[in-house]
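Visitor: So I've got this file, data.txt, and it contains compact mmCIF, C-alpha atoms:
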# COMPACT_ATOMS: atom_id res chain seq x y z
CA MET O 1 -161.48 -65.22 124.26
CA PRO O 2 -161.14 -62.82 121.28
CA ARG O 3 -162.08 -65.67 118.94
CA SER O 4 -165.59 -65.88 120.43
CA PHE O 5 -166.32 -62.20 119.67
CA PRO O 6 -167.37 -62.67 116.01
CA PHE O 7 -169.89 -65.28 117.08
CA ARG O 8 -171.37 -63.02 119.79
CA ALA O 9 -171.57 -60.18 117.21
CA ALA O 10 -173.28 -62.42 114.71
CA PHE O 11 -175.86 -63.51 117.26
CA LYS O 12 -176.42 -59.88 118.23
CA ARG O 13 -177.05 -58.91 114.58
CA LEU O 14 -179.45 -61.84 114.21
CA ALA O 15 -181.38 -60.76 117.31
CA ILE O 16 -181.65 -57.18 116.02
CA PHE O 17 -182.82 -58.43 112.61
CA SER O 18 -185.50 -60.59 114.29
CA VAL O 19 -186.79 -57.58 116.24
CA LEU O 20 -186.94 -55.49 113.06
CA LEU O 21 -188.98 -58.16 111.31
CA ALA O 22 -191.50 -58.06 114.13
CA LEU O 23 -192.03 -54.30 113.81
CA PRO O 24 -195.22 -53.19 111.98
CA GLY O 25 -194.64 -52.43 108.32
CA LEU O 26 -191.30 -54.26 108.14
CA ALA O 27 -192.44 -57.86 107.91
CA PHE O 28 -192.19 -59.46 104.49
CA SER O 29 -192.83 -62.76 102.85
CA GLN O 30 -190.07 -64.98 101.53
CA SER O 31 -191.35 -64.43 98.01
CA PRO O 32 -193.80 -62.00 96.41
CA LEU O 33 -197.39 -62.96 95.86
CA LYS O 34 -197.64 -63.30 92.08
CA VAL O 35 -200.87 -62.18 90.44
CA GLY O 36 -201.68 -62.38 86.73
CA ILE O 37 -203.54 -59.42 85.24
CA PHE O 38 -204.93 -58.23 81.90
CA ALA O 39 -205.12 -54.83 80.22
CA ASP O 40 -208.61 -54.15 81.54
CA ALA O 41 -210.63 -52.25 84.09
CA ASP O 42 -210.56 -55.26 86.44
CA SER O 43 -206.81 -54.86 86.90
CA LEU O 44 -206.67 -51.10 87.48
CA PRO O 45 -206.91 -51.15 91.31
CA LEU O 46 -203.98 -53.56 91.50
CA LEU O 47 -201.91 -51.31 89.25
CA VAL O 48 -202.75 -48.32 91.45
CA CYS O 49 -201.57 -50.36 94.46
CA GLU O 50 -198.28 -50.93 92.68
CA ALA O 51 -197.87 -47.32 91.49
CA GLU O 52 -198.74 -45.75 94.86
CA ASN O 53 -196.94 -48.25 97.13
CA LEU O 54 -200.15 -49.47 98.75
CA PHE O 55 -198.90 -53.06 98.86
CA ALA O 56 -195.87 -51.90 100.86
CA GLU O 57 -198.18 -50.03 103.26
CA GLU O 58 -199.80 -53.38 104.02
CA SER O 59 -196.41 -55.09 104.43
CA ILE O 60 -196.96 -57.31 101.41
CA GLN O 61 -194.91 -57.87 98.30
CA VAL O 62 -197.03 -58.40 95.18
CA GLN O 63 -195.66 -58.98 91.71
CA LEU O 64 -198.13 -58.20 88.91
CA LEU O 65 -197.60 -60.22 85.72
CA ARG O 66 -199.48 -59.08 82.63
CA PHE O 67 -200.85 -61.65 80.17
CA GLN O 68 -202.04 -61.16 76.61
CA SER O 69 -204.50 -64.07 76.40
CA ALA O 70 -206.58 -66.35 78.59
CA VAL O 71 -204.65 -69.38 77.30
CA GLU O 72 -201.35 -67.82 78.37
CA ARG O 73 -202.81 -66.86 81.75
CA ASP O 74 -204.34 -70.27 82.46
CA SER O 75 -201.14 -72.08 81.50
CA ALA O 76 -199.11 -69.94 83.91
CA PHE O 77 -201.70 -70.37 86.68
CA GLN O 78 -201.90 -74.14 86.44
CA SER O 79 -198.12 -74.49 86.24
CA GLY O 80 -197.75 -72.54 89.50
CA ALA O 81 -195.98 -69.58 87.87
CA VAL O 82 -198.59 -67.28 89.45
CA ASP O 83 -200.55 -67.63 92.69
CA GLY O 84 -203.71 -65.92 91.50
CA VAL O 85 -205.22 -64.34 88.41
CA ILE O 86 -207.79 -61.88 87.15
CA SER O 87 -210.25 -64.24 85.47
CA ASP O 88 -213.97 -64.74 84.98
CA ILE O 89 -216.54 -66.93 86.65
CA LEU O 90 -216.82 -69.35 83.71
CA ALA O 91 -213.07 -69.88 83.45
CA ALA O 92 -212.90 -70.48 87.21
CA ILE O 93 -215.61 -73.15 86.99
CA LEU O 94 -213.84 -74.91 84.11
CA THR O 95 -210.44 -74.73 85.84
CA SER O 96 -211.93 -76.37 88.92
CA GLN O 97 -213.61 -79.04 86.80
CA ALA O 98 -210.25 -79.79 85.16
CA GLY O 99 -208.90 -80.82 88.56
CA PHE O 100 -206.88 -77.74 89.49
CA PRO O 101 -208.02 -76.66 93.00
CA VAL O 102 -208.95 -72.97 92.83
CA ALA O 103 -211.24 -70.60 94.68
CA ILE O 104 -212.90 -67.34 93.71
CA THR O 105 -212.10 -64.74 96.35
CA SER O 106 -214.02 -61.77 94.93
CA LEU O 107 -215.60 -60.03 91.98
CA THR O 108 -213.46 -57.43 90.20
CA ASP O 109 -215.86 -54.84 88.68
CA GLY O 110 -214.68 -55.00 85.09
CA ARG O 111 -216.79 -54.25 82.06
CA TYR O 112 -217.93 -56.33 79.08
CA GLY O 113 -220.46 -55.16 76.54
CA ILE O 114 -222.08 -55.27 73.11
CA ALA O 115 -221.22 -52.55 70.60
CA LEU O 116 -223.01 -51.68 67.34
CA SER O 117 -221.07 -50.91 64.18
CA PRO O 118 -220.69 -47.18 63.36
CA GLY O 119 -223.72 -45.71 61.61
CA SER O 120 -225.95 -48.65 62.55
CA PRO O 121 -229.68 -47.90 62.41
CA LEU O 122 -230.29 -50.36 65.27
CA SER O 123 -231.05 -49.05 68.73
CA THR O 124 -232.06 -51.94 71.01
CA LEU O 125 -230.91 -55.46 71.82
CA ALA O 126 -234.11 -56.82 70.28
CA ASP O 127 -233.06 -55.19 66.98
CA LEU O 128 -230.18 -57.69 66.80
CA LYS O 129 -232.59 -60.48 65.86
CA GLY O 130 -231.05 -62.23 62.86
CA ARG O 131 -228.07 -59.83 62.77
CA THR O 132 -224.44 -60.92 62.87
CA ILE O 133 -222.70 -60.53 66.22
CA ALA O 134 -218.99 -61.27 66.57
CA ILE O 135 -217.97 -63.21 69.68
CA SER O 136 -215.32 -65.60 71.01
CA SER O 137 -217.00 -69.02 71.30
CA ASN O 138 -217.59 -70.70 74.65
CA THR O 139 -216.16 -67.80 76.63
CA VAL O 140 -217.44 -65.17 79.05
CA ILE O 141 -218.12 -62.92 76.03
CA HIS O 142 -220.28 -65.60 74.40
CA TYR O 143 -222.13 -66.09 77.69
CA MET O 144 -222.68 -62.37 78.19
CA VAL O 145 -224.02 -61.84 74.66
CA GLU O 146 -226.47 -64.75 74.86
CA LEU O 147 -227.66 -63.66 78.31
CA PHE O 148 -228.36 -60.10 77.17
CA LEU O 149 -230.12 -61.23 73.99
CA LYS O 150 -232.31 -63.72 75.84
CA GLU O 151 -233.31 -61.01 78.32
CA ALA O 152 -234.33 -58.96 75.27
CA GLY O 153 -236.61 -61.80 74.17
CA LEU O 154 -234.50 -63.44 71.45
CA LYS O 155 -234.33 -67.21 71.04
CA ASN O 156 -231.12 -69.08 70.24
CA SER O 157 -232.38 -69.67 66.70
CA GLU O 158 -232.68 -65.89 66.22
CA MET O 159 -229.06 -65.19 67.17
CA ARG O 160 -226.40 -65.10 64.43
CA LEU O 161 -223.21 -65.41 66.44
CA VAL O 162 -219.99 -65.27 64.45
CA PRO O 163 -216.83 -66.70 66.09
CA VAL O 164 -213.94 -64.21 65.84
CA PRO O 165 -211.41 -65.25 68.52
CA LYS O 166 -208.87 -62.44 68.09
CA MET O 167 -210.05 -59.21 69.69
CA PRO O 168 -208.22 -56.79 67.34
CA VAL O 169 -209.76 -58.58 64.35
CA ARG O 170 -213.19 -58.48 65.97
CA LEU O 171 -212.83 -54.75 66.57
CA GLU O 172 -211.84 -54.05 62.97
CA MET O 173 -214.71 -56.19 61.63
CA LEU O 174 -217.13 -54.17 63.77
CA LEU O 175 -215.71 -50.82 62.70
CA GLY O 176 -215.67 -51.90 59.05
CA GLY O 177 -219.33 -52.95 59.16
CA GLN O 178 -218.56 -56.60 58.43
CA VAL O 179 -220.69 -57.54 61.45
CA SER O 180 -223.65 -55.70 62.94
CA ALA O 181 -222.37 -55.91 66.49
CA ALA O 182 -219.64 -57.42 68.65
CA GLY O 183 -219.19 -58.57 72.22
CA MET O 184 -216.02 -57.08 73.74
CA PRO O 185 -214.23 -56.27 76.99
CA GLU O 186 -212.44 -53.05 77.83
CA PRO O 187 -210.41 -51.31 76.48
CA PHE O 188 -211.79 -52.48 73.12
CA LEU O 189 -215.28 -51.36 74.07
CA THR O 190 -214.15 -47.77 74.65
CA THR O 191 -211.89 -47.85 71.58
CA ALA O 192 -214.89 -48.88 69.47
CA ARG O 193 -216.94 -46.02 70.94
CA THR O 194 -214.26 -43.43 70.20
CA ARG O 195 -214.28 -44.61 66.59
CA GLY O 196 -218.01 -44.23 66.06
CA ALA O 197 -219.51 -47.42 67.49
CA LYS O 198 -222.41 -47.31 69.95
CA VAL O 199 -222.26 -49.35 73.16
CA LEU O 200 -225.67 -50.96 73.35
CA ALA O 201 -225.34 -52.81 76.66
CA ALA O 202 -222.64 -53.35 79.32
CA THR O 203 -222.33 -55.64 82.31
CA ASP O 204 -221.99 -52.86 84.89
CA ASP O 205 -225.31 -51.39 83.69
CA TYR O 206 -226.98 -54.73 84.30
CA GLY O 207 -225.25 -55.53 87.61
CA LEU O 208 -223.86 -58.71 86.10
CA GLY O 209 -220.87 -60.08 88.01
CA LEU O 210 -218.47 -61.86 85.67
CA GLY O 211 -214.89 -60.77 86.34
CA VAL O 212 -213.29 -62.40 89.39
CA LEU O 213 -210.03 -62.80 91.27
CA VAL O 214 -209.06 -66.45 91.62
CA PHE O 215 -206.33 -68.01 93.75
CA SER O 216 -205.08 -71.57 93.96
CA LYS O 217 -206.29 -73.33 97.08
CA LYS O 218 -202.66 -74.14 97.84
CA THR O 219 -201.87 -70.41 98.03
CA LEU O 220 -204.95 -69.71 100.15
CA ALA O 221 -203.97 -72.48 102.56
CA SER O 222 -200.38 -71.28 103.00
CA ARG O 223 -200.60 -67.51 102.43
CA SER O 224 -204.10 -66.46 103.42
CA GLY O 225 -202.70 -63.51 105.42
CA ASP O 226 -200.84 -62.22 102.35
CA VAL O 227 -203.96 -62.46 100.19
CA ALA O 228 -205.96 -60.58 102.85
CA ALA O 229 -203.26 -57.86 102.95
CA MET O 230 -203.43 -57.59 99.17
CA TYR O 231 -207.17 -57.00 99.43
CA ARG O 232 -206.71 -54.25 102.01
CA ALA O 233 -204.42 -52.47 99.55
CA TYR O 234 -206.87 -53.18 96.69
CA TRP O 235 -209.76 -51.56 98.57
CA LYS O 236 -207.66 -48.46 99.35
CA ALA O 237 -206.83 -48.16 95.65
CA ALA O 238 -210.46 -48.66 94.62
CA ASN O 239 -211.53 -45.83 96.91
CA ARG O 240 -208.88 -43.54 95.44
CA ILE O 241 -210.03 -44.29 91.88
CA ASN O 242 -213.68 -43.73 92.81
CA ALA O 243 -212.83 -40.40 94.46
CA SER O 244 -210.75 -39.04 91.57
CA PRO O 245 -211.04 -41.20 88.43
CA LYS O 246 -209.58 -38.63 86.02
CA HIS O 247 -206.36 -38.69 88.03
CA TYR O 248 -205.75 -42.21 86.69
CA ILE O 249 -206.18 -41.54 82.97
CA SER O 250 -202.42 -41.58 82.42
CA LEU O 251 -202.17 -44.96 84.15
CA LEU O 252 -204.67 -46.42 81.68
CA ALA O 253 -202.39 -45.40 78.83
CA GLU O 254 -199.06 -46.19 80.46
CA LYS O 255 -199.86 -49.50 82.18
CA LEU O 256 -202.96 -50.91 80.48
CA GLY O 257 -202.15 -50.05 76.89
CA PHE O 258 -205.18 -47.82 76.28
CA SER O 259 -204.69 -45.38 73.43
CA ARG O 260 -204.62 -41.79 74.70
CA GLU O 261 -207.96 -41.22 72.97
CA ALA O 262 -209.52 -44.25 74.63
CA ALA O 263 -208.07 -43.32 78.03
CA GLU O 264 -209.54 -39.81 77.79
CA ALA O 265 -212.94 -41.21 76.79
CA PHE O 266 -212.99 -44.11 79.26
CA ALA O 267 -216.06 -44.21 81.51
CA PHE O 268 -214.57 -45.44 84.77
CA VAL O 269 -216.47 -48.19 86.51
CA SER O 270 -217.50 -47.64 90.11
CA TYR O 271 -215.39 -50.04 92.14
CA LYS O 272 -217.30 -51.70 94.94
CA LYS O 273 -216.05 -53.24 98.15
CA PRO O 274 -214.71 -56.70 97.29
CA ARG O 275 -217.50 -59.25 97.56
CA LEU O 276 -218.21 -62.69 96.16
CA PRO O 277 -220.45 -63.40 93.16
CA SER O 278 -224.00 -64.37 94.06
CA GLU O 279 -224.99 -68.00 94.07
CA ALA O 280 -227.47 -67.08 91.34
CA ASP O 281 -224.59 -65.83 89.16
CA LEU O 282 -222.76 -69.11 89.76
CA ARG O 283 -225.82 -71.22 88.92
CA SER O 284 -226.51 -69.22 85.76
CA ALA O 285 -222.93 -69.59 84.51
CA ALA O 286 -222.84 -73.31 85.37
CA GLU O 287 -226.16 -73.99 83.62
CA TRP O 288 -224.93 -72.19 80.49
CA LEU O 289 -221.74 -74.26 80.46
CA LYS O 290 -223.80 -77.43 80.89
CA GLY O 291 -225.98 -76.41 77.96
CA LYS O 292 -222.84 -76.11 75.82
CA GLY O 293 -221.63 -79.54 76.95
CA LEU O 294 -218.65 -77.99 78.73
CA LEU O 295 -219.54 -78.84 82.33
CA LYS O 296 -220.01 -82.44 83.35
CA ALA O 297 -220.88 -82.11 87.04
CA ASP O 298 -222.57 -79.66 89.37
CA ILE O 299 -220.42 -77.19 91.30
CA SER O 300 -221.42 -75.48 94.53
CA ALA O 301 -220.60 -72.09 96.01
CA SER O 302 -219.01 -73.79 99.04
CA GLU O 303 -216.69 -75.64 96.66
CA LEU O 304 -215.66 -72.64 94.56
CA PHE O 305 -215.99 -69.55 96.80
CA ASP O 306 -213.58 -68.58 99.60
CA PRO O 307 -214.68 -65.44 101.51
CA ARG O 308 -211.86 -65.45 104.09
CA PRO O 309 -209.48 -62.96 102.40
CA ILE O 310 -212.13 -60.23 102.21
CA GLN O 311 -213.83 -60.75 105.57
CA GLY O 312 -211.73 -58.16 107.40
CA LEU O 313 -212.38 -55.27 105.00
Would you give me this structure, written as structure tokens?

Guide:
Amino acid sequence: MPRSFPFRAAFKRLAIFSVLLALPGLAFSQSPLKVGIFADADSLPLLVCEAENLFAEESIQVQLLRFQSAVERDSAFQSGAVDGVISDILAAILTSQAGFPVAITSLTDGRYGIALSPGSPLSTLADLKGRTIAISSNTVIHYMVELFLKEAGLKNSEMRLVPVPKMPVRLEMLLGGQVSAAGMPEPFLTTARTRGAKVLAATDDYGLGLGVLVFSKKTLASRSGDVAAMYRAYWKAANRINASPKHYISLLAEKLGFSREAAEAFAFVSYKKPRLPSEADLRSAAEWLKGKGLLKADISASELFDPRPIQGL
């Protein structure tokens, strides 16, 4: 009889543990949801979730993994090292075309823009006709620059786009006057402004949706509840940033690598409730990729968009 006691005790502990798991706020996944981020405005709400325990409030474990380049990010994503990534609509289209099943779950309210070199006499996008503009070829920056210039009335033949893949080099070329302008994301855009450059145009001013959160369809099929919980935390964080942006200046410097000067000067974006890109944004990006010979087949919103994780917000 005494020998059976350890087994009864073990079963009792197991029963108690099962009850605890069922209690609100104590459930957890077998492994954290892994999300790849960059040092940019798109990633800030996720970092606030991490810093202020908002993921835990939603009973979700999320591991944020920071990447230095799109190549590094995409390699990790396609190998399964991360479940989702901060990306852009063009990269998502190309990833899907390459045969890796992904879905865009929302826009991310980042900022990309065109900056003029310090002391430039230019004042409008139309003034960039025939002027050198540093970009990274066949990327979201390239797309953004061409879109803005075409809206200003310039033809492709009037654009002098100079490929400069490395962002720090592009920034220094701009500041040194080696190019008239440059297309850049944050925090480089703000850094350029603090060092005398003028931001001529930015995506948030134009309502252009480019930055997105993307998850593998495998993750969305097996962990849709976790992704939805992540978004609930994200939206809480976004509201906190919108209500008191200056409170998060130190986080820009500590977690996103902004210089203190750039963090102090940063014009916070207004984070909106997570929503999908418009079908017009998707068509525009796809047509541009086709024009560059980078997209071989049409892609539809139903194929690339998954609204389920944000429907309960």

Visitor: Please return as a list in words every residue within 10 Å of (-226.1, -55.6, 84.3), taking into account all atoms listed in the file and the file's own coordinates.

Guide: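 Residues found, by chain and rising number: Arg111, Tyr112, Gly113, Met144, Phe148, Ala201, Ala202, Thr203, Asp204, Asp205, Tyr206, Gly207, Leu208, Gly209 and Leu210 of chain O.
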
Visitor: Give me the residues near Ala221 of chain O as a PyMOL selection string, where near means some atom within 12 Å (using only C-alpha atoms) and where sequence neighbours in that chain fewer than 4 positions away do not count.

Guide: chain O and resi 83+101-103+215-217+225-227+306+308-309

Visitor: Identify which of the residues O:Tyr143, O:Phe305, O:Tyr231, O:Phe100 lies closest to Val62 of chain O, counting all atoms listed in the file when measuring atom-to-atom distances.

Guide: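 Of all the options, O:Tyr231 lies closest to Val62 of chain O.
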
Visitor: Got a sec: who's within 12 Å of Ser302 of chain O, counting only C-alpha atoms, leaving out chain neighbours fewer than 6 positions off, as a PyMOL selection string?

Guide: chain O and resi 102-105+276+278-279+282

Visitor: Could you pull the residues within 12 Å of Glu254 of chain O, counting all atoms listed in the file, minus those fewer than 4 positions along the same chain, as a list in words?

Guide: Ala39, Leu44, Leu47, Val48, Ala51, Tyr248, Ile249, Ser250, Phe258, Ser259, Arg260 and Ala263 of chain O

Visitor: With 3 Å of padding per side, what axis-aligned box (centre and edge lengths, Å, one decimal) covers all the listed atoms of segment 229-246 of chain O? Give it as JSON.

Guide:
{"center_x": -208.5, "center_y": -48.2, "center_z": 94.5, "size_x": 16.4, "size_y": 25.2, "size_z": 22.9}

Visitor: Which polymer residues have any atom within 6 Å of an atom of Ser106 of chain O, counting all atoms listed in the file, with same-chain residues fewer than 6 positions away left out, as a list in words?

Guide: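 Counting only the stated atoms, we get Val212, Leu213, Pro274, Arg275 and Leu276 of chain O.
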
Visitor: Find the spatial neighbours of Leu189 of chain O, counting only C-alpha atoms, within a cut-off of 9 Å - ignore same-chain residues fewer than 2 positions away - and output them as a list in words.

Guide: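 Here the qualifying residues turn out to be Arg111, Tyr112, Gly113, Ile114, Ala115, Leu171, Gly183, Met184, Pro185, Glu186, Pro187, Thr191, Ala192, Arg193, Thr194, Ala197 and Val199 of chain O.
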
Visitor: Calculated over all atoms listed in the file, which of the candidates O:Ser244, O:Gln97, O:Ser300, O:Ser270 has the smallest distance to Ser284 of chain O?

Guide: O:Ser300

Visitor: If you measure from atom CA of Val145 of chain O to atom CA of Ile241 of chain O, what distance in Å do you get, rounded to one decimal?

Guide: 28.3 Å

Visitor: Using all atoms listed in the file, pick whichever of O:Ala238, O:Ser222, O:Ala229, O:Asn156 has the shortest atom-to-atom distance to Leu46 of chain O.

Guide: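 Of all the options, O:Ala238 lies closest to Leu46 of chain O.
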
Visitor: Calculated over only C-alpha atoms, which of the candidates O:Leu125, O:Val169, O:Leu294, O:Ile135 has the smallest distance to Glu151 of chain O?

Guide: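 Checking each candidate against Glu151 of chain O, we get O:Leu125 as the closest.
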
Visitor: Between O:Ser117, O:Gly153, O:Ala253, O:Ser224, which has the minimum distance to Gly196 of chain O (counting only C-alpha atoms)?

Guide: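 Comparing O:Ser117, O:Gly153, O:Ala253, O:Ser224 against Gly196 of chain O, the winner is O:Ser117.
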
Visitor: My list of candidates is O:Gly36, O:Gly110, O:Gly211, O:Pro118. Which is closest to Ala91 of chain O when distances are computed with only C-alpha atoms?

Guide: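 Closest residue, counting only C-alpha atoms: O:Gly211.
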
Visitor: May I ask for the distance between atom CA of Met230 of chain O and atom CA of Ser31 of chain O, given in Å to one decimal place?

Guide: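 Distance reported for this atom pair: 13.9 Å.
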
Visitor: Can you tell me how far atom CA of Glu57 of chain O sits from atom CA of Ala233 of chain O, in Å to one decimal?

Guide: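 So the answer is 7.7 Å.
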
Visitor: Kindly reconstruct segment 35-66 of chain O with N, CA and C atoms and present the result as a PDB file, in the coordinates of the input.

Guide:
ATOM      1  N   VAL O  35    -199.491 -62.282  90.922  1.00  0.00           N
ATOM      2  CA  VAL O  35    -200.870 -62.180  90.440  1.00  0.00           C
ATOM      3  C   VAL O  35    -200.875 -61.837  88.957  1.00  0.00           C
ATOM      4  N   GLY O  36    -201.575 -62.619  88.168  1.00  0.00           N
ATOM      5  CA  GLY O  36    -201.680 -62.380  86.730  1.00  0.00           C
ATOM      6  C   GLY O  36    -202.816 -61.420  86.424  1.00  0.00           C
ATOM      7  N   ILE O  37    -202.540 -60.429  85.582  1.00  0.00           N
ATOM      8  CA  ILE O  37    -203.540 -59.420  85.240  1.00  0.00           C
ATOM      9  C   ILE O  37    -203.671 -59.276  83.727  1.00  0.00           C
ATOM     10  N   PHE O  38    -204.708 -58.561  83.307  1.00  0.00           N
ATOM     11  CA  PHE O  38    -204.930 -58.230  81.900  1.00  0.00           C
ATOM     12  C   PHE O  38    -204.941 -56.714  81.748  1.00  0.00           C
ATOM     13  N   ALA O  39    -204.983 -56.265  80.504  1.00  0.00           N
ATOM     14  CA  ALA O  39    -205.120 -54.830  80.220  1.00  0.00           C
ATOM     15  C   ALA O  39    -206.596 -54.481  80.236  1.00  0.00           C
ATOM     16  N   ASP O  40    -207.172 -54.416  81.438  1.00  0.00           N
ATOM     17  CA  ASP O  40    -208.610 -54.150  81.540  1.00  0.00           C
ATOM     18  C   ASP O  40    -208.935 -53.413  82.820  1.00  0.00           C
ATOM     19  N   ALA O  41    -210.193 -53.009  82.922  1.00  0.00           N
ATOM     20  CA  ALA O  41    -210.630 -52.250  84.090  1.00  0.00           C
ATOM     21  C   ALA O  41    -210.533 -53.065  85.366  1.00  0.00           C
ATOM     22  N   ASP O  42    -210.663 -54.399  85.267  1.00  0.00           N
ATOM     23  CA  ASP O  42    -210.560 -55.260  86.440  1.00  0.00           C
ATOM     24  C   ASP O  42    -209.222 -55.084  87.149  1.00  0.00           C
ATOM     25  N   SER O  43    -208.172 -54.882  86.361  1.00  0.00           N
ATOM     26  CA  SER O  43    -206.810 -54.860  86.900  1.00  0.00           C
ATOM     27  C   SER O  43    -206.372 -53.502  87.432  1.00  0.00           C
ATOM     28  N   LEU O  44    -207.115 -52.439  87.139  1.00  0.00           N
ATOM     29  CA  LEU O  44    -206.670 -51.100  87.480  1.00  0.00           C
ATOM     30  C   LEU O  44    -206.382 -50.897  88.973  1.00  0.00           C
ATOM     31  N   PRO O  45    -207.240 -51.358  89.898  1.00  0.00           N
ATOM     32  CA  PRO O  45    -206.910 -51.150  91.310  1.00  0.00           C
ATOM     33  C   PRO O  45    -205.579 -51.777  91.723  1.00  0.00           C
ATOM     34  N   LEU O  46    -205.257 -52.921  91.169  1.00  0.00           N
ATOM     35  CA  LEU O  46    -203.980 -53.560  91.500  1.00  0.00           C
ATOM     36  C   LEU O  46    -202.810 -52.737  90.982  1.00  0.00           C
ATOM     37  N   LEU O  47    -202.970 -52.152  89.799  1.00  0.00           N
ATOM     38  CA  LEU O  47    -201.910 -51.310  89.250  1.00  0.00           C
ATOM     39  C   LEU O  47    -201.739 -50.021  90.061  1.00  0.00           C
ATOM     40  N   VAL O  48    -202.831 -49.491  90.576  1.00  0.00           N
ATOM     41  CA  VAL O  48    -202.750 -48.320  91.450  1.00  0.00           C
ATOM     42  C   VAL O  48    -202.019 -48.698  92.747  1.00  0.00           C
ATOM     43  N   CYS O  49    -202.291 -49.884  93.266  1.00  0.00           N
ATOM     44  CA  CYS O  49    -201.570 -50.360  94.460  1.00  0.00           C
ATOM     45  C   CYS O  49    -200.073 -50.372  94.203  1.00  0.00           C
ATOM     46  N   GLU O  50    -199.697 -50.851  93.043  1.00  0.00           N
ATOM     47  CA  GLU O  50    -198.280 -50.930  92.680  1.00  0.00           C
ATOM     48  C   GLU O  50    -197.686 -49.532  92.514  1.00  0.00           C
ATOM     49  N   ALA O  51    -198.387 -48.661  91.795  1.00  0.00           N
ATOM     50  CA  ALA O  51    -197.870 -47.320  91.490  1.00  0.00           C
ATOM     51  C   ALA O  51    -197.780 -46.434  92.728  1.00  0.00           C
ATOM     52  N   GLU O  52    -198.679 -46.630  93.694  1.00  0.00           N
ATOM     53  CA  GLU O  52    -198.740 -45.750  94.860  1.00  0.00           C
ATOM     54  C   GLU O  52    -198.284 -46.430  96.151  1.00  0.00           C
ATOM     55  N   ASN O  53    -197.565 -47.542  95.999  1.00  0.00           N
ATOM     56  CA  ASN O  53    -196.940 -48.250  97.130  1.00  0.00           C
ATOM     57  C   ASN O  53    -197.934 -48.694  98.200  1.00  0.00           C
ATOM     58  N   LEU O  54    -199.139 -49.030  97.781  1.00  0.00           N
ATOM     59  CA  LEU O  54    -200.150 -49.470  98.750  1.00  0.00           C
ATOM     60  C   LEU O  54    -199.895 -50.892  99.233  1.00  0.00           C
ATOM     61  N   PHE O  55    -199.272 -51.710  98.401  1.00  0.00           N
ATOM     62  CA  PHE O  55    -198.900 -53.060  98.860  1.00  0.00           C
ATOM     63  C   PHE O  55    -197.890 -52.936 100.009  1.00  0.00           C
ATOM     64  N   ALA O  56    -196.897 -52.077  99.831  1.00  0.00           N
ATOM     65  CA  ALA O  56    -195.870 -51.900 100.860  1.00  0.00           C
ATOM     66  C   ALA O  56    -196.488 -51.397 102.167  1.00  0.00           C
ATOM     67  N   GLU O  57    -197.509 -50.533 102.056  1.00  0.00           N
ATOM     68  CA  GLU O  57    -198.180 -50.030 103.260  1.00  0.00           C
ATOM     69  C   GLU O  57    -198.820 -51.161 104.060  1.00  0.00           C
ATOM     70  N   GLU O  58    -199.191 -52.223 103.364  1.00  0.00           N
ATOM     71  CA  GLU O  58    -199.800 -53.380 104.020  1.00  0.00           C
ATOM     72  C   GLU O  58    -198.789 -54.489 104.288  1.00  0.00           C
ATOM     73  N   SER O  59    -197.504 -54.145 104.147  1.00  0.00           N
ATOM     74  CA  SER O  59    -196.410 -55.090 104.430  1.00  0.00           C
ATOM     75  C   SER O  59    -196.494 -56.357 103.596  1.00  0.00           C
ATOM     76  N   ILE O  60    -196.832 -56.171 102.317  1.00  0.00           N
ATOM     77  CA  ILE O  60    -196.960 -57.310 101.410  1.00  0.00           C
ATOM     78  C   ILE O  60    -196.229 -57.011 100.113  1.00  0.00           C
ATOM     79  N   GLN O  61    -195.531 -57.985  99.605  1.00  0.00           N
ATOM     80  CA  GLN O  61    -194.910 -57.870  98.300  1.00  0.00           C
ATOM     81  C   GLN O  61    -195.812 -58.561  97.272  1.00  0.00           C
ATOM     82  N   VAL O  62    -196.194 -57.844  96.246  1.00  0.00           N
ATOM     83  CA  VAL O  62    -197.030 -58.400  95.180  1.00  0.00           C
ATOM     84  C   VAL O  62    -196.371 -58.109  93.845  1.00  0.00           C
ATOM     85  N   GLN O  63    -196.209 -59.135  93.057  1.00  0.00           N
ATOM     86  CA  GLN O  63    -195.660 -58.980  91.710  1.00  0.00           C
ATOM     87  C   GLN O  63    -196.796 -59.173  90.706  1.00  0.00           C
ATOM     88  N   LEU O  64    -197.072 -58.142  89.909  1.00  0.00           N
ATOM     89  CA  LEU O  64    -198.130 -58.200  88.910  1.00  0.00           C
ATOM     90  C   LEU O  64    -197.526 -58.638  87.573  1.00  0.00           C
ATOM     91  N   LEU O  65    -198.077 -59.683  87.001  1.00  0.00           N
ATOM     92  CA  LEU O  65    -197.600 -60.220  85.720  1.00  0.00           C
ATOM     93  C   LEU O  65    -198.716 -60.081  84.693  1.00  0.00           C
ATOM     94  N   ARG O  66    -198.450 -59.345  83.631  1.00  0.00           N
ATOM     95  CA  ARG O  66    -199.480 -59.080  82.630  1.00  0.00           C
ATOM     96  C   ARG O  66    -199.482 -60.151  81.546  1.00  0.00           C
TER      97      ARG O  66
END
